[in-house]
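Printed here is structure_35.cif (mmCIF, N, CA and C atoms):
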data_protein
loop_
_atom_site.group_PDB
_atom_site.id
_atom_site.type_symbol
_atom_site.label_atom_id
_atom_site.label_comp_id
_atom_site.auth_asym_id
_atom_site.auth_seq_id
_atom_site.Cartn_x
_atom_site.Cartn_y
_atom_site.Cartn_z
ATOM 1 N N MET O 1 0.821 -1.193 0.000
ATOM 2 C CA MET O 1 0.000 0.000 0.000
ATOM 3 C C MET O 1 0.868 1.261 0.000
ATOM 4 N N ILE O 2 1.985 1.225 0.714
ATOM 5 C CA ILE O 2 2.868 2.395 0.757
ATOM 6 C C ILE O 2 3.357 2.736 -0.643
ATOM 7 N N ARG O 3 3.761 1.719 -1.390
ATOM 8 C CA ARG O 3 4.248 1.964 -2.753
ATOM 9 C C ARG O 3 3.124 2.485 -3.650
ATOM 10 N N LEU O 4 1.916 1.981 -3.484
ATOM 11 C CA LEU O 4 0.775 2.463 -4.258
ATOM 12 C C LEU O 4 0.526 3.947 -3.962
ATOM 13 N N LEU O 5 0.526 4.324 -2.704
ATOM 14 C CA LEU O 5 0.329 5.728 -2.331
ATOM 15 C C LEU O 5 1.442 6.603 -2.885
ATOM 16 N N HIS O 6 2.673 6.125 -2.776
ATOM 17 C CA HIS O 6 3.820 6.871 -3.293
ATOM 18 C C HIS O 6 3.688 7.077 -4.800
ATOM 19 N N THR O 7 3.279 6.037 -5.517
ATOM 20 C CA THR O 7 3.103 6.119 -6.968
ATOM 21 C C THR O 7 2.026 7.136 -7.322
ATOM 22 N N LEU O 8 0.882 7.061 -6.667
ATOM 23 C CA LEU O 8 -0.222 7.971 -6.977
ATOM 24 C C LEU O 8 0.106 9.418 -6.619
ATOM 25 N N ASN O 9 0.893 9.622 -5.595
ATOM 26 C CA ASN O 9 1.252 10.979 -5.206
ATOM 27 C C ASN O 9 2.228 11.630 -6.173
ATOM 28 N N LYS O 10 2.743 10.882 -7.151
ATOM 29 C CA LYS O 10 3.590 11.434 -8.213
ATOM 30 C C LYS O 10 2.765 12.059 -9.333
ATOM 31 N N SER O 11 1.475 11.864 -9.328
ATOM 32 C CA SER O 11 0.616 12.291 -10.433
ATOM 33 C C SER O 11 0.452 13.806 -10.490
ATOM 34 N N ASP O 12 0.999 14.420 -11.539
ATOM 35 C CA ASP O 12 0.820 15.856 -11.742
ATOM 36 C C ASP O 12 -0.629 16.189 -12.081
ATOM 37 N N VAL O 13 -1.321 15.259 -12.737
ATOM 38 C CA VAL O 13 -2.731 15.467 -13.082
ATOM 39 C C VAL O 13 -3.571 15.590 -11.810
ATOM 40 N N LEU O 14 -3.341 14.702 -10.846
ATOM 41 C CA LEU O 14 -4.086 14.780 -9.584
ATOM 42 C C LEU O 14 -3.765 16.075 -8.845
ATOM 43 N N LYS O 15 -2.485 16.414 -8.785
ATOM 44 C CA LYS O 15 -2.071 17.638 -8.088
ATOM 45 C C LYS O 15 -2.709 18.873 -8.714
ATOM 46 N N ALA O 16 -2.735 18.926 -10.048
ATOM 47 C CA ALA O 16 -3.286 20.086 -10.755
ATOM 48 C C ALA O 16 -4.772 20.281 -10.462
ATOM 49 N N GLN O 17 -5.462 19.192 -10.153
ATOM 50 C CA GLN O 17 -6.898 19.264 -9.867
ATOM 51 C C GLN O 17 -7.194 19.347 -8.369
ATOM 52 N N GLY O 18 -6.148 19.454 -7.556
ATOM 53 C CA GLY O 18 -6.333 19.552 -6.113
ATOM 54 C C GLY O 18 -6.778 18.259 -5.466
ATOM 55 N N LEU O 19 -6.504 17.127 -6.127
ATOM 56 C CA LEU O 19 -6.898 15.824 -5.594
ATOM 57 C C LEU O 19 -5.799 15.267 -4.704
ATOM 58 N N GLU O 20 -6.192 14.554 -3.672
ATOM 59 C CA GLU O 20 -5.252 13.932 -2.742
ATOM 60 C C GLU O 20 -5.510 12.440 -2.677
ATOM 61 N N VAL O 21 -4.513 11.708 -2.200
ATOM 62 C CA VAL O 21 -4.622 10.255 -2.087
ATOM 63 C C VAL O 21 -4.363 9.857 -0.643
ATOM 64 N N LEU O 22 -5.266 9.058 -0.090
ATOM 65 C CA LEU O 22 -5.128 8.549 1.272
ATOM 66 C C LEU O 22 -5.387 7.053 1.282
ATOM 67 N N ALA O 23 -4.832 6.370 2.271
ATOM 68 C CA ALA O 23 -5.126 4.946 2.447
ATOM 69 C C ALA O 23 -6.402 4.820 3.267
ATOM 70 N N ASP O 24 -7.351 4.058 2.748
ATOM 71 C CA ASP O 24 -8.582 3.795 3.493
ATOM 72 C C ASP O 24 -8.383 2.603 4.415
ATOM 73 N N ASP O 25 -7.685 1.621 3.920
ATOM 74 C CA ASP O 25 -7.269 0.481 4.736
ATOM 75 C C ASP O 25 -6.048 -0.133 4.075
ATOM 76 N N ILE O 26 -5.716 -1.331 4.433
ATOM 77 C CA ILE O 26 -4.486 -1.946 3.940
ATOM 78 C C ILE O 26 -4.515 -2.254 2.441
ATOM 79 N N THR O 27 -5.698 -2.310 1.825
ATOM 80 C CA THR O 27 -5.790 -2.670 0.406
ATOM 81 C C THR O 27 -6.460 -1.618 -0.472
ATOM 82 N N ILE O 28 -6.865 -0.480 0.079
ATOM 83 C CA ILE O 28 -7.602 0.514 -0.708
ATOM 84 C C ILE O 28 -6.981 1.904 -0.561
ATOM 85 N N ALA O 29 -6.723 2.533 -1.709
ATOM 86 C CA ALA O 29 -6.290 3.926 -1.749
ATOM 87 C C ALA O 29 -7.452 4.754 -2.290
ATOM 88 N N VAL O 30 -7.739 5.864 -1.632
ATOM 89 C CA VAL O 30 -8.853 6.726 -2.025
ATOM 90 C C VAL O 30 -8.298 8.011 -2.627
ATOM 91 N N ILE O 31 -8.776 8.350 -3.820
ATOM 92 C CA ILE O 31 -8.452 9.626 -4.439
ATOM 93 C C ILE O 31 -9.634 10.537 -4.139
ATOM 94 N N HIS O 32 -9.356 11.669 -3.483
ATOM 95 C CA HIS O 32 -10.462 12.524 -3.051
ATOM 96 C C HIS O 32 -10.136 13.997 -3.233
ATOM 97 N N HIS O 33 -11.181 14.808 -3.174
ATOM 98 C CA HIS O 33 -11.055 16.262 -3.196
ATOM 99 C C HIS O 33 -11.905 16.806 -2.061
ATOM 100 N N GLN O 34 -11.256 17.426 -1.110
ATOM 101 C CA GLN O 34 -11.930 18.018 0.053
ATOM 102 C C GLN O 34 -12.873 17.033 0.735
ATOM 103 N N GLY O 35 -12.411 15.804 0.888
ATOM 104 C CA GLY O 35 -13.175 14.784 1.598
ATOM 105 C C GLY O 35 -14.179 14.021 0.755
ATOM 106 N N ASN O 36 -14.369 14.417 -0.492
ATOM 107 C CA ASN O 36 -15.298 13.719 -1.388
ATOM 108 C C ASN O 36 -14.529 12.740 -2.267
ATOM 109 N N ALA O 37 -14.829 11.464 -2.129
ATOM 110 C CA ALA O 37 -14.138 10.436 -2.910
ATOM 111 C C ALA O 37 -14.438 10.610 -4.390
ATOM 112 N N ARG O 38 -13.394 10.497 -5.208
ATOM 113 C CA ARG O 38 -13.537 10.561 -6.667
ATOM 114 C C ARG O 38 -13.303 9.201 -7.304
ATOM 115 N N ALA O 39 -12.428 8.400 -6.665
ATOM 116 C CA ALA O 39 -12.107 7.071 -7.196
ATOM 117 C C ALA O 39 -11.316 6.305 -6.146
ATOM 118 N N PHE O 40 -11.180 5.001 -6.395
ATOM 119 C CA PHE O 40 -10.460 4.113 -5.486
ATOM 120 C C PHE O 40 -9.541 3.208 -6.294
ATOM 121 N N TRP O 41 -8.408 2.865 -5.726
ATOM 122 C CA TRP O 41 -7.581 1.771 -6.227
ATOM 123 C C TRP O 41 -7.625 0.689 -5.164
ATOM 124 N N ARG O 42 -8.001 -0.515 -5.561
ATOM 125 C CA ARG O 42 -8.063 -1.650 -4.640
ATOM 126 C C ARG O 42 -7.036 -2.678 -5.090
ATOM 127 N N GLN O 43 -6.253 -3.170 -4.145
ATOM 128 C CA GLN O 43 -5.262 -4.203 -4.427
ATOM 129 C C GLN O 43 -5.868 -5.557 -4.097
ATOM 130 N N SER O 44 -5.823 -6.469 -5.077
ATOM 131 C CA SER O 44 -6.439 -7.776 -4.893
ATOM 132 C C SER O 44 -5.734 -8.818 -5.747
ATOM 133 N N ASP O 45 -5.282 -9.882 -5.135
ATOM 134 C CA ASP O 45 -4.666 -11.004 -5.852
ATOM 135 C C ASP O 45 -3.560 -10.577 -6.811
ATOM 136 N N GLY O 46 -2.705 -9.668 -6.391
ATOM 137 C CA GLY O 46 -1.576 -9.247 -7.212
ATOM 138 C C GLY O 46 -1.925 -8.258 -8.306
ATOM 139 N N ALA O 47 -3.158 -7.808 -8.341
ATOM 140 C CA ALA O 47 -3.585 -6.825 -9.340
ATOM 141 C C ALA O 47 -4.141 -5.596 -8.625
ATOM 142 N N PHE O 48 -4.264 -4.519 -9.369
ATOM 143 C CA PHE O 48 -4.847 -3.285 -8.855
ATOM 144 C C PHE O 48 -6.088 -2.973 -9.678
ATOM 145 N N GLU O 49 -7.179 -2.664 -8.994
ATOM 146 C CA GLU O 49 -8.443 -2.360 -9.662
ATOM 147 C C GLU O 49 -8.808 -0.904 -9.400
ATOM 148 N N PHE O 50 -9.115 -0.184 -10.477
ATOM 149 C CA PHE O 50 -9.525 1.211 -10.389
ATOM 150 C C PHE O 50 -11.041 1.272 -10.443
ATOM 151 N N ILE O 51 -11.640 1.859 -9.421
ATOM 152 C CA ILE O 51 -13.098 1.935 -9.319
ATOM 153 C C ILE O 51 -13.497 3.404 -9.148
ATOM 154 N N PRO O 52 -14.188 3.981 -10.130
ATOM 155 C CA PRO O 52 -14.661 5.355 -9.966
ATOM 156 C C PRO O 52 -15.681 5.436 -8.824
ATOM 157 N N ALA O 53 -15.719 6.557 -8.141
ATOM 158 C CA ALA O 53 -16.701 6.747 -7.069
ATOM 159 C C ALA O 53 -18.104 6.572 -7.633
ATOM 160 N N GLY O 54 -18.959 5.905 -6.880
ATOM 161 C CA GLY O 54 -20.325 5.656 -7.306
ATOM 162 C C GLY O 54 -20.502 4.387 -8.115
ATOM 163 N N SER O 55 -19.401 3.732 -8.431
ATOM 164 C CA SER O 55 -19.464 2.495 -9.210
ATOM 165 C C SER O 55 -19.135 1.305 -8.313
ATOM 166 N N THR O 56 -19.594 0.140 -8.711
ATOM 167 C CA THR O 56 -19.238 -1.082 -7.991
ATOM 168 C C THR O 56 -18.323 -1.969 -8.825
ATOM 169 N N GLN O 57 -18.112 -1.583 -10.086
ATOM 170 C CA GLN O 57 -17.287 -2.376 -10.997
ATOM 171 C C GLN O 57 -15.967 -1.670 -11.273
ATOM 172 N N ALA O 58 -14.910 -2.456 -11.396
ATOM 173 C CA ALA O 58 -13.611 -1.899 -11.752
ATOM 174 C C ALA O 58 -13.627 -1.427 -13.202
ATOM 175 N N LEU O 59 -13.132 -0.228 -13.428
ATOM 176 C CA LEU O 59 -13.001 0.307 -14.778
ATOM 177 C C LEU O 59 -11.707 -0.185 -15.414
ATOM 178 N N TYR O 60 -10.652 -0.277 -14.614
ATOM 179 C CA TYR O 60 -9.351 -0.772 -15.066
ATOM 180 C C TYR O 60 -8.850 -1.819 -14.088
ATOM 181 N N THR O 61 -8.162 -2.815 -14.612
ATOM 182 C CA THR O 61 -7.412 -3.765 -13.795
ATOM 183 C C THR O 61 -6.020 -3.836 -14.387
ATOM 184 N N VAL O 62 -5.020 -3.539 -13.571
ATOM 185 C CA VAL O 62 -3.630 -3.520 -14.035
ATOM 186 C C VAL O 62 -2.763 -4.304 -13.060
ATOM 187 N N ARG O 63 -1.536 -4.582 -13.483
ATOM 188 C CA ARG O 63 -0.655 -5.408 -12.660
ATOM 189 C C ARG O 63 0.612 -4.709 -12.179
ATOM 190 N N ASP O 64 0.887 -3.492 -12.650
ATOM 191 C CA ASP O 64 2.107 -2.845 -12.155
ATOM 192 C C ASP O 64 1.867 -1.365 -11.855
ATOM 193 N N PHE O 65 2.805 -0.790 -11.126
ATOM 194 C CA PHE O 65 2.650 0.574 -10.633
ATOM 195 C C PHE O 65 2.690 1.610 -11.749
ATOM 196 N N ASP O 66 3.460 1.357 -12.814
ATOM 197 C CA ASP O 66 3.476 2.289 -13.943
ATOM 198 C C ASP O 66 2.093 2.388 -14.574
ATOM 199 N N GLN O 67 1.414 1.250 -14.691
ATOM 200 C CA GLN O 67 0.062 1.250 -15.259
ATOM 201 C C GLN O 67 -0.932 1.930 -14.322
ATOM 202 N N VAL O 68 -0.730 1.802 -13.024
ATOM 203 C CA VAL O 68 -1.586 2.505 -12.056
ATOM 204 C C VAL O 68 -1.508 4.008 -12.315
ATOM 205 N N LEU O 69 -0.308 4.520 -12.424
ATOM 206 C CA LEU O 69 -0.125 5.955 -12.648
ATOM 207 C C LEU O 69 -0.665 6.367 -14.017
ATOM 208 N N GLU O 70 -0.392 5.575 -15.037
ATOM 209 C CA GLU O 70 -0.866 5.870 -16.392
ATOM 210 C C GLU O 70 -2.399 5.918 -16.461
ATOM 211 N N ARG O 71 -3.059 4.927 -15.908
ATOM 212 C CA ARG O 71 -4.528 4.868 -15.940
ATOM 213 C C ARG O 71 -5.150 5.976 -15.091
ATOM 214 N N THR O 72 -4.540 6.276 -13.942
ATOM 215 C CA THR O 72 -5.038 7.355 -13.086
ATOM 216 C C THR O 72 -4.966 8.684 -13.826
ATOM 217 N N ASN O 73 -3.802 8.964 -14.405
ATOM 218 C CA ASN O 73 -3.633 10.216 -15.142
ATOM 219 C C ASN O 73 -4.600 10.299 -16.314
ATOM 220 N N PHE O 74 -4.760 9.207 -17.054
ATOM 221 C CA PHE O 74 -5.670 9.191 -18.199
ATOM 222 C C PHE O 74 -7.102 9.492 -17.753
ATOM 223 N N TYR O 75 -7.572 8.801 -16.737
ATOM 224 C CA TYR O 75 -8.949 8.968 -16.262
ATOM 225 C C TYR O 75 -9.212 10.407 -15.819
ATOM 226 N N PHE O 76 -8.344 10.947 -14.977
ATOM 227 C CA PHE O 76 -8.598 12.281 -14.442
ATOM 228 C C PHE O 76 -8.302 13.378 -15.457
ATOM 229 N N ASP O 77 -7.391 13.144 -16.388
ATOM 230 C CA ASP O 77 -7.150 14.106 -17.457
ATOM 231 C C ASP O 77 -8.384 14.201 -18.351
ATOM 232 N N GLN O 78 -9.003 13.068 -18.660
ATOM 233 C CA GLN O 78 -10.221 13.051 -19.477
ATOM 234 C C GLN O 78 -11.370 13.766 -18.768
ATOM 235 N N ARG O 79 -11.512 13.538 -17.483
ATOM 236 C CA ARG O 79 -12.617 14.146 -16.722
ATOM 237 C C ARG O 79 -12.420 15.651 -16.577
ATOM 238 N N CYS O 80 -11.186 16.055 -16.449
ATOM 239 C CA CYS O 80 -10.883 17.474 -16.256
ATOM 240 C C CYS O 80 -11.047 18.258 -17.547
ATOM 241 N N CYS O 81 -10.414 17.751 -18.573
ATOM 242 C CA CYS O 81 -10.208 18.577 -19.758
ATOM 243 C C CYS O 81 -10.993 18.120 -20.971
ATOM 244 N N GLY O 82 -11.709 17.013 -20.859
ATOM 245 C CA GLY O 82 -12.567 16.540 -21.932
ATOM 246 C C GLY O 82 -11.863 16.215 -23.229
ATOM 247 N N HIS O 83 -10.661 15.685 -23.145
ATOM 248 C CA HIS O 83 -9.920 15.326 -24.372
ATOM 249 C C HIS O 83 -10.576 14.195 -25.097
#

Could I get this structure in the form of structure tokens?
Amino acid sequence: MIRLLHTLNKSDVLKAQGLEVLADDITIAVIHHQGNARAFWRQSDGAFEFIPAGSTQALYTVRDFDQVLERTNFYFDQRCCGH
């Protein structure tokens, strides 16, 4: 979980939007803005699942930290700037 948090805190896209990352428990990282959850990364069986807030299904499932950062940046860049 520490490495996941460290990886997500490198995201310039999250920083630019004022988003922060906190650990909810040993397997879940929460991306939030002023206490409102925007998305979650859940670690399960050697994979990481990205779940947007309000959803029960994973939007992305990846296996390494580079992909975690790539998918996070892609998702929030799209939501911010409508590319």

query = the PyMOL selection byres ((chain O and resi 51) around 6) on the file shown: which residues, as a PyMOL selection string?
reply = chain O and resi 39-42+49-50+52-53+55+57-60

Taking every listed atom of segment 13-21 of chain O and adding 3 Å to each side, what centre and edge lengths in Å (one decimal) does the axis-aligned box have, as lines of an AutoDock Vina configuration file?
center_x = -4.3
center_y = 15.1
center_z = -6.9
size_x = 11.9
size_y = 16.4
size_z = 18.4

key: Resolved residues for the PyMOL selection byres (((chain O and resi 74-79 and name CA) around 10) and name CA) as a PyMOL selection string   = chain O and resi 12-14+16-17+19+38-39+50+52+59-60+68-73+80-83

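Separating atom CA of Arg63 of chain O from atom CA of Gln34 of chain O is a distance of 28.9 Å.
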
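The interatomic distance for the pair atom CA of Asn9 of chain O and atom CA of His33 of chain O works out to 13.5 Å.
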
request  = Go through chain O and collect every residue that DSSP, computed from the backbone, puts in strand (DSSP E); the answer should be as an NGL selection string.
outcome  = :O and (20-25 or 28-33 or 36-44 or 47-52 or 60-62)

note = atom CA of Arg3 of chain O to atom CA of Gly35 of chain O measures 22.1 Å

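If all atoms listed in the file are the atoms counted, then among O:Thr7, O:Met1, O:Gln67, O:Gly54 the closest residue to Ile26 of chain O is O:Met1.
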